Amino acid sequence: MNNINTTDKHPAIFIMGPTASGKTALAMYLYCLFPVELISVDSAIIYRGMDIGTAKPTTDELTKIPLRLINICDPKESYSAATFRSDALRAMAEITLKGKIPLLVGGTMLYFKVLLEGISLLPTANLQIRSQINTWIHKYGSNILHSKLKNIDPEAASKIHQNDIQRLNRALEVFLISGKTFTELTKHSDKTLPYNVHQFAITTEKRQQLYERITLRFNKMITSGFENEVRLLFERNDLHINLPSMRCIGYRQMWSYIEGKIDHNEMVYRAICATRQLAKRQMTWLRNWNDIQWIDSDRTTQILKKIEQIC
């Protein structure tokens, strides 16, 4: 992944990292010290009414430290990487015009990628084809998507987890609409990001430490009323398990529990396992990322001098 850093562009800061690594807390701390404004790069906290299970900052925190691109969608709505890029560029321009530096924080690596490199020239969604793909899922199970994609586009299949229904669905949809693979079409994109980007990745040196944080955080979600949050969503007649919002980790496991398909212990176990798998995928992305500076989550003061130089 190429990132063009030139001094004649306005600066921007990326803070990336696996889930539960402390990215948002660090970004909010930096907001208090430097002339930055925050933009979320997270495909889950865009949804209203999904607060506990997404580890969204509290209302009090957001009052003191605003975070853009949060609570911008209803859970019944879809939100694409292309839409994110457009929204993020607009927010970055507004921040720059105020004489401040955009600081983008989150763990949705695809969003960071399309922001840096431009959005691929992919066809727009086709409801008829999406319906056909959903029929395959109901008839044969979700694994059929990964098998079909592996036959059509092995490179894309190798990069998309077999449980990532949303991305598998989109890759198949692209092929069925255009006759060209997702890999082929994503090699061509529009303009790259017109900013001098400084990229940081926050993580812990020990994987087990991150896993313990994930477990503690999910258990805290349970005691904070996560089940009630999902029950309110479950009771709506316009939401279902195949929507991108309800496929979010934690929500799909809790949904299955509320439906009576699994018991409480199994729900907790599956949610924690899925979160750990997400963290592993995020780390894989980051290890293949160029121009990135690593920050230990237990020594975040490392970043202060570096941000000071940027500001």
# chains A, B, ... in the order shown; residues from 1 in each chain; ligands from 1

$ closest_atom_pairs --of "stretch 121-222 of chain A" --to "stretch 264-280 of chain A" --cutoff "8 Å" --atoms "only C-alpha atoms" --output "Markdown table"
| residue | atom | partner | partner_atom | distance |
| --- | --- | --- | --- | --- |
| A:Tyr211 | CA | A:Arg276 | CA | 6.4 |
| A:Ile214 | CA | A:Ile272 | CA | 6.8 |
| A:Thr215 | CA | A:Ile272 | CA | 6.1 |
| A:Phe218 | CA | A:Ile272 | CA | 7.0 |

$ closest_atom_pairs --of "stretch 202-290 of chain A" --to "stretch 110-122 of chain A" --cutoff "12 Å" --atoms "only C-alpha atoms" --output "CSV"
residue,atom,partner,partner_atom,distance
A:Arg281,CA,A:Leu110,CA,11.3
A:Gln282,CA,A:Leu110,CA,9.8
A:Trp285,CA,A:Leu110,CA,9.0
A:Leu286,CA,A:Lys113,CA,10.8
A:Asn288,CA,A:Lys113,CA,11.6
A:Trp289,CA,A:Lys113,CA,9.4
A:Asn290,CA,A:Lys113,CA,11.1

$ write_last_selection --atoms "all heavy atoms" --output "short mmCIF file (atom, residue, chain, number, x, y, z; two decimals), in the first residue's frame"
data_model
loop_
_atom_site.label_atom_id
_atom_site.label_comp_id
_atom_site.auth_asym_id
_atom_site.auth_seq_id
_atom_site.Cartn_x
_atom_site.Cartn_y
_atom_site.Cartn_z
N ARG A 281 -7.38 -10.46 12.26
CA ARG A 281 -7.48 -9.95 10.89
C ARG A 281 -6.98 -8.51 10.81
O ARG A 281 -6.30 -8.13 9.85
CB ARG A 281 -8.93 -10.04 10.39
CG ARG A 281 -9.44 -11.46 10.23
CD ARG A 281 -10.70 -11.51 9.37
NE ARG A 281 -11.81 -10.78 9.95
CZ ARG A 281 -12.67 -11.28 10.83
NH1 ARG A 281 -12.53 -12.53 11.25
NH2 ARG A 281 -13.69 -10.56 11.27
N GLN A 282 -7.32 -7.72 11.81
CA GLN A 282 -6.86 -6.33 11.82
C GLN A 282 -5.33 -6.26 11.90
O GLN A 282 -4.70 -5.45 11.21
CB GLN A 282 -7.49 -5.58 13.00
CG GLN A 282 -8.98 -5.34 12.84
CD GLN A 282 -9.63 -4.86 14.12
OE1 GLN A 282 -9.33 -5.38 15.21
NE2 GLN A 282 -10.53 -3.90 14.02
N TRP A 285 -3.81 -7.03 8.51
CA TRP A 285 -3.84 -5.84 7.66
C TRP A 285 -2.67 -4.92 8.01
O TRP A 285 -1.94 -4.46 7.13
CB TRP A 285 -5.16 -5.08 7.88
CG TRP A 285 -6.31 -5.51 7.03
CD1 TRP A 285 -7.12 -6.58 7.24
CD2 TRP A 285 -6.81 -4.86 5.85
NE1 TRP A 285 -8.10 -6.63 6.27
CE2 TRP A 285 -7.93 -5.60 5.41
CE3 TRP A 285 -6.43 -3.73 5.15
CZ2 TRP A 285 -8.66 -5.24 4.29
CZ3 TRP A 285 -7.16 -3.36 4.02
CH2 TRP A 285 -8.26 -4.13 3.60
N LEU A 286 -2.51 -4.65 9.29
CA LEU A 286 -1.51 -3.67 9.73
C LEU A 286 -0.09 -4.12 9.45
O LEU A 286 0.78 -3.31 9.12
CB LEU A 286 -1.70 -3.37 11.22
CG LEU A 286 -2.95 -2.56 11.56
CD1 LEU A 286 -3.20 -2.56 13.06
CD2 LEU A 286 -2.81 -1.13 11.04
N ASN A 288 0.89 -5.66 6.96
CA ASN A 288 1.15 -5.47 5.53
C ASN A 288 1.00 -4.01 5.10
O ASN A 288 1.00 -3.72 3.92
CB ASN A 288 0.20 -6.36 4.72
CG ASN A 288 0.48 -7.83 4.92
OD1 ASN A 288 1.61 -8.27 4.83
ND2 ASN A 288 -0.55 -8.60 5.23
N TRP A 289 0.88 -3.12 6.07
CA TRP A 289 0.66 -1.70 5.81
C TRP A 289 2.01 -0.99 5.69
O TRP A 289 2.93 -1.26 6.47
CB TRP A 289 -0.14 -1.10 6.96
CG TRP A 289 -1.05 0.02 6.61
CD1 TRP A 289 -0.72 1.33 6.51
CD2 TRP A 289 -2.45 -0.07 6.34
NE1 TRP A 289 -1.83 2.08 6.20
CE2 TRP A 289 -2.91 1.24 6.08
CE3 TRP A 289 -3.36 -1.12 6.29
CZ2 TRP A 289 -4.25 1.52 5.79
CZ3 TRP A 289 -4.68 -0.84 6.00
CH2 TRP A 289 -5.11 0.46 5.75
N ASN A 290 2.12 -0.05 4.78
CA ASN A 290 3.36 0.72 4.62
C ASN A 290 3.30 2.02 5.40
O ASN A 290 2.22 2.51 5.74
CB ASN A 290 3.59 1.05 3.14
CG ASN A 290 3.91 -0.19 2.32
OD1 ASN A 290 4.44 -1.16 2.83
ND2 ASN A 290 3.58 -0.14 1.04
#

$ residues_around --residues "A:Tyr31" --least-positions-apart "5" --cutoff "12 Å" --atoms "only C-alpha atoms" --output "PyMOL selection string"
chain A and resi 13+24-26+36-39+61-62+64-67+100-105+304+307-308+311

$ select_by_dssp --residues "stretch 7-161 of chain A" --states "strand (DSSP E)" --output "list in words"
Pro11, Ala12, Ile13, Phe14, Ile15, Met16, Val36, Glu37, Leu38, Ile39, Ser40, Leu67, Arg68, Ile101, Pro102, Leu103, Leu104 and Val105 of chain A

$ write_last_selection --atoms "N, CA and C atoms" --output "PDB file, in the first residue's frame"
ATOM      1  N   PRO A  11      -1.509  18.292   6.781  1.00  0.00           N
ATOM      2  CA  PRO A  11      -1.288  17.041   7.515  1.00  0.00           C
ATOM      3  C   PRO A  11      -2.601  16.386   7.941  1.00  0.00           C
ATOM      4  N   ALA A  12      -2.543  15.087   8.100  1.00  0.00           N
ATOM      5  CA  ALA A  12      -3.634  14.311   8.684  1.00  0.00           C
ATOM      6  C   ALA A  12      -2.990  13.179   9.480  1.00  0.00           C
ATOM      7  N   ILE A  13      -3.676  12.738  10.509  1.00  0.00           N
ATOM      8  CA  ILE A  13      -3.143  11.700  11.386  1.00  0.00           C
ATOM      9  C   ILE A  13      -4.099  10.510  11.387  1.00  0.00           C
ATOM     10  N   PHE A  14      -3.549   9.316  11.218  1.00  0.00           N
ATOM     11  CA  PHE A  14      -4.329   8.082  11.338  1.00  0.00           C
ATOM     12  C   PHE A  14      -3.877   7.371  12.616  1.00  0.00           C
ATOM     13  N   ILE A  15      -4.836   6.942  13.431  1.00  0.00           N
ATOM     14  CA  ILE A  15      -4.546   6.048  14.548  1.00  0.00           C
ATOM     15  C   ILE A  15      -5.365   4.786  14.339  1.00  0.00           C
ATOM     16  N   MET A  16      -4.646   3.710  14.023  1.00  0.00           N
ATOM     17  CA  MET A  16      -5.270   2.430  13.720  1.00  0.00           C
ATOM     18  C   MET A  16      -4.903   1.412  14.799  1.00  0.00           C
ATOM     19  N   VAL A  36      -6.278  19.184  17.095  1.00  0.00           N
ATOM     20  CA  VAL A  36      -6.820  18.149  16.217  1.00  0.00           C
ATOM     21  C   VAL A  36      -8.316  18.024  16.450  1.00  0.00           C
ATOM     22  N   GLU A  37      -9.020  17.523  15.440  1.00  0.00           N
ATOM     23  CA  GLU A  37     -10.418  17.131  15.588  1.00  0.00           C
ATOM     24  C   GLU A  37     -10.563  15.704  15.078  1.00  0.00           C
ATOM     25  N   LEU A  38     -11.471  14.957  15.687  1.00  0.00           N
ATOM     26  CA  LEU A  38     -11.529  13.515  15.501  1.00  0.00           C
ATOM     27  C   LEU A  38     -12.589  13.084  14.489  1.00  0.00           C
ATOM     28  N   ILE A  39     -12.219  12.076  13.699  1.00  0.00           N
ATOM     29  CA  ILE A  39     -13.132  11.439  12.755  1.00  0.00           C
ATOM     30  C   ILE A  39     -13.079   9.938  13.004  1.00  0.00           C
ATOM     31  N   SER A  40     -14.223   9.324  13.181  1.00  0.00           N
ATOM     32  CA  SER A  40     -14.279   7.878  13.404  1.00  0.00           C
ATOM     33  C   SER A  40     -14.115   7.110  12.096  1.00  0.00           C
ATOM     34  N   LEU A  67     -16.804  13.513  18.058  1.00  0.00           N
ATOM     35  CA  LEU A  67     -16.265  12.494  17.160  1.00  0.00           C
ATOM     36  C   LEU A  67     -17.171  12.439  15.934  1.00  0.00           C
ATOM     37  N   ARG A  68     -16.625  12.783  14.787  1.00  0.00           N
ATOM     38  CA  ARG A  68     -17.423  12.817  13.560  1.00  0.00           C
ATOM     39  C   ARG A  68     -17.620  11.419  12.982  1.00  0.00           C
ATOM     40  N   ILE A 101      -6.056  19.924  12.531  1.00  0.00           N
ATOM     41  CA  ILE A 101      -5.576  18.726  11.845  1.00  0.00           C
ATOM     42  C   ILE A 101      -6.587  17.594  12.027  1.00  0.00           C
ATOM     43  N   PRO A 102      -7.020  16.952  10.938  1.00  0.00           N
ATOM     44  CA  PRO A 102      -7.915  15.791  11.069  1.00  0.00           C
ATOM     45  C   PRO A 102      -7.167  14.603  11.670  1.00  0.00           C
ATOM     46  N   LEU A 103      -7.744  14.039  12.707  1.00  0.00           N
ATOM     47  CA  LEU A 103      -7.194  12.818  13.309  1.00  0.00           C
ATOM     48  C   LEU A 103      -8.244  11.733  13.143  1.00  0.00           C
ATOM     49  N   LEU A 104      -7.935  10.744  12.339  1.00  0.00           N
ATOM     50  CA  LEU A 104      -8.886   9.668  12.041  1.00  0.00           C
ATOM     51  C   LEU A 104      -8.520   8.446  12.861  1.00  0.00           C
ATOM     52  N   VAL A 105      -9.501   7.906  13.580  1.00  0.00           N
ATOM     53  CA  VAL A 105      -9.230   6.815  14.506  1.00  0.00           C
ATOM     54  C   VAL A 105     -10.254   5.702  14.334  1.00  0.00           C
TER      55      VAL A 105
END

$ residues_around --residues "A:His146" --least-positions-apart "3" --cutoff "12 Å" --atoms "only C-alpha atoms" --output "ChimeraX atom specification"
/A:133,136-137,140-143,149-172

$ write_last_selection --atoms "C-alpha atoms" --output "PDB file, in the first residue's frame"
ATOM      1  CA  ILE A 133     -27.270 -14.319  -2.974  1.00  0.00           C
ATOM      2  CA  TRP A 136     -28.165 -19.117  -1.511  1.00  0.00           C
ATOM      3  CA  ILE A 137     -27.388 -18.302   2.117  1.00  0.00           C
ATOM      4  CA  TYR A 140     -27.138 -23.751   1.612  1.00  0.00           C
ATOM      5  CA  GLY A 141     -25.687 -21.731   4.520  1.00  0.00           C
ATOM      6  CA  SER A 142     -23.201 -18.876   4.550  1.00  0.00           C
ATOM      7  CA  ASN A 143     -20.222 -21.119   3.702  1.00  0.00           C
ATOM      8  CA  LEU A 149     -15.984 -16.765  -4.402  1.00  0.00           C
ATOM      9  CA  LYS A 150     -12.990 -19.100  -4.138  1.00  0.00           C
ATOM     10  CA  ASN A 151     -13.908 -20.584  -7.525  1.00  0.00           C
ATOM     11  CA  ILE A 152     -14.498 -17.170  -9.117  1.00  0.00           C
ATOM     12  CA  ASP A 153     -11.844 -15.013  -7.450  1.00  0.00           C
ATOM     13  CA  PRO A 154      -9.315 -16.990  -5.346  1.00  0.00           C
ATOM     14  CA  GLU A 155      -7.303 -13.890  -4.457  1.00  0.00           C
ATOM     15  CA  ALA A 156     -10.306 -12.087  -2.986  1.00  0.00           C
ATOM     16  CA  ALA A 157     -11.438 -15.263  -1.200  1.00  0.00           C
ATOM     17  CA  SER A 158      -8.023 -15.588   0.462  1.00  0.00           C
ATOM     18  CA  LYS A 159      -8.400 -12.085   1.932  1.00  0.00           C
ATOM     19  CA  ILE A 160     -12.013 -12.346   3.129  1.00  0.00           C
ATOM     20  CA  HIS A 161     -12.909 -14.470   6.147  1.00  0.00           C
ATOM     21  CA  GLN A 162     -15.577 -17.089   5.518  1.00  0.00           C
ATOM     22  CA  ASN A 163     -17.793 -15.520   8.197  1.00  0.00           C
ATOM     23  CA  ASP A 164     -17.556 -12.009   6.764  1.00  0.00           C
ATOM     24  CA  ILE A 165     -20.931 -12.197   5.023  1.00  0.00           C
ATOM     25  CA  GLN A 166     -21.073  -8.550   4.006  1.00  0.00           C
ATOM     26  CA  ARG A 167     -17.766  -8.543   2.105  1.00  0.00           C
ATOM     27  CA  LEU A 168     -18.361 -11.992   0.567  1.00  0.00           C
ATOM     28  CA  ASN A 169     -21.784 -10.853  -0.588  1.00  0.00           C
ATOM     29  CA  ARG A 170     -20.343  -7.718  -2.171  1.00  0.00           C
ATOM     30  CA  ALA A 171     -17.497  -9.557  -3.952  1.00  0.00           C
ATOM     31  CA  LEU A 172     -19.941 -12.025  -5.488  1.00  0.00           C
TER      32      LEU A 172
END

$ atom_distance --atom1 "atom CA of A:Glu173" --atom2 "atom CA of A:Thr135"
13.0 Å

$ residues_around --residues "A:Leu69" --least-positions-apart "6" --cutoff "9 Å" --atoms "only C-alpha atoms" --output "PyMOL selection string"
chain A and resi 39-42+45-46+84+87-88+91

$ closest_residue --among "A:Ser297, A:Ser80, A:Ser86, A:Gln132" --to "A:Lys206" --atoms "only C-alpha atoms"
A:Ser297

$ closest_atom_pairs --of "stretch 69-122 of chain A" --to "stretch 232-240 of chain A" --cutoff "12 Å" --atoms "only C-alpha atoms" --output "CSV"
residue,atom,partner,partner_atom,distance
A:Asp74,CA,A:Leu239,CA,10.2
A:Pro75,CA,A:Leu239,CA,7.4
A:Lys76,CA,A:Leu239,CA,5.9
A:Glu77,CA,A:Leu239,CA,9.6
A:Ser78,CA,A:Leu239,CA,11.8

$ residues_around --residues "A:Gly53" --least-positions-apart "3" --cutoff "7 Å" --atoms "only C-alpha atoms" --output "ChimeraX atom specification"
/A:50,221,226,250-251

$ write_last_selection --atoms "C-alpha atoms" --output "short mmCIF file (atom, residue, chain, number, x, y, z; two decimals), in the first residue's frame"
data_model
loop_
_atom_site.label_atom_id
_atom_site.label_comp_id
_atom_site.auth_asym_id
_atom_site.auth_seq_id
_atom_site.Cartn_x
_atom_site.Cartn_y
_atom_site.Cartn_z
CA MET A 50 -25.99 0.48 18.87
CA MET A 221 -20.89 -4.91 27.91
CA PHE A 226 -26.08 -5.14 26.08
CA GLY A 250 -21.56 -9.27 19.38
CA TYR A 251 -24.89 -8.29 17.84
#

$ closest_residue --among "A:Gly17, A:Gly49, A:Gly260, A:Gly22" --to "A:Thr108" --atoms "only C-alpha atoms"
A:Gly17

$ atom_distance --atom1 "atom CA of A:Ile303" --atom2 "atom CA of A:Thr203"
12.6 Å

$ select_by_dssp --residues "stretch 7-231 of chain A" --states "helix (DSSP H, G or I)" --output "PyMOL selection string"
chain A and resi 23-33+59-64+81-97+109-117+127-140+143-152+154-159+165-178+182-185+207-223+226-231

$ atom_distance --atom1 "atom CA of A:Ala44" --atom2 "atom CA of A:Ile72"
10.6 Å
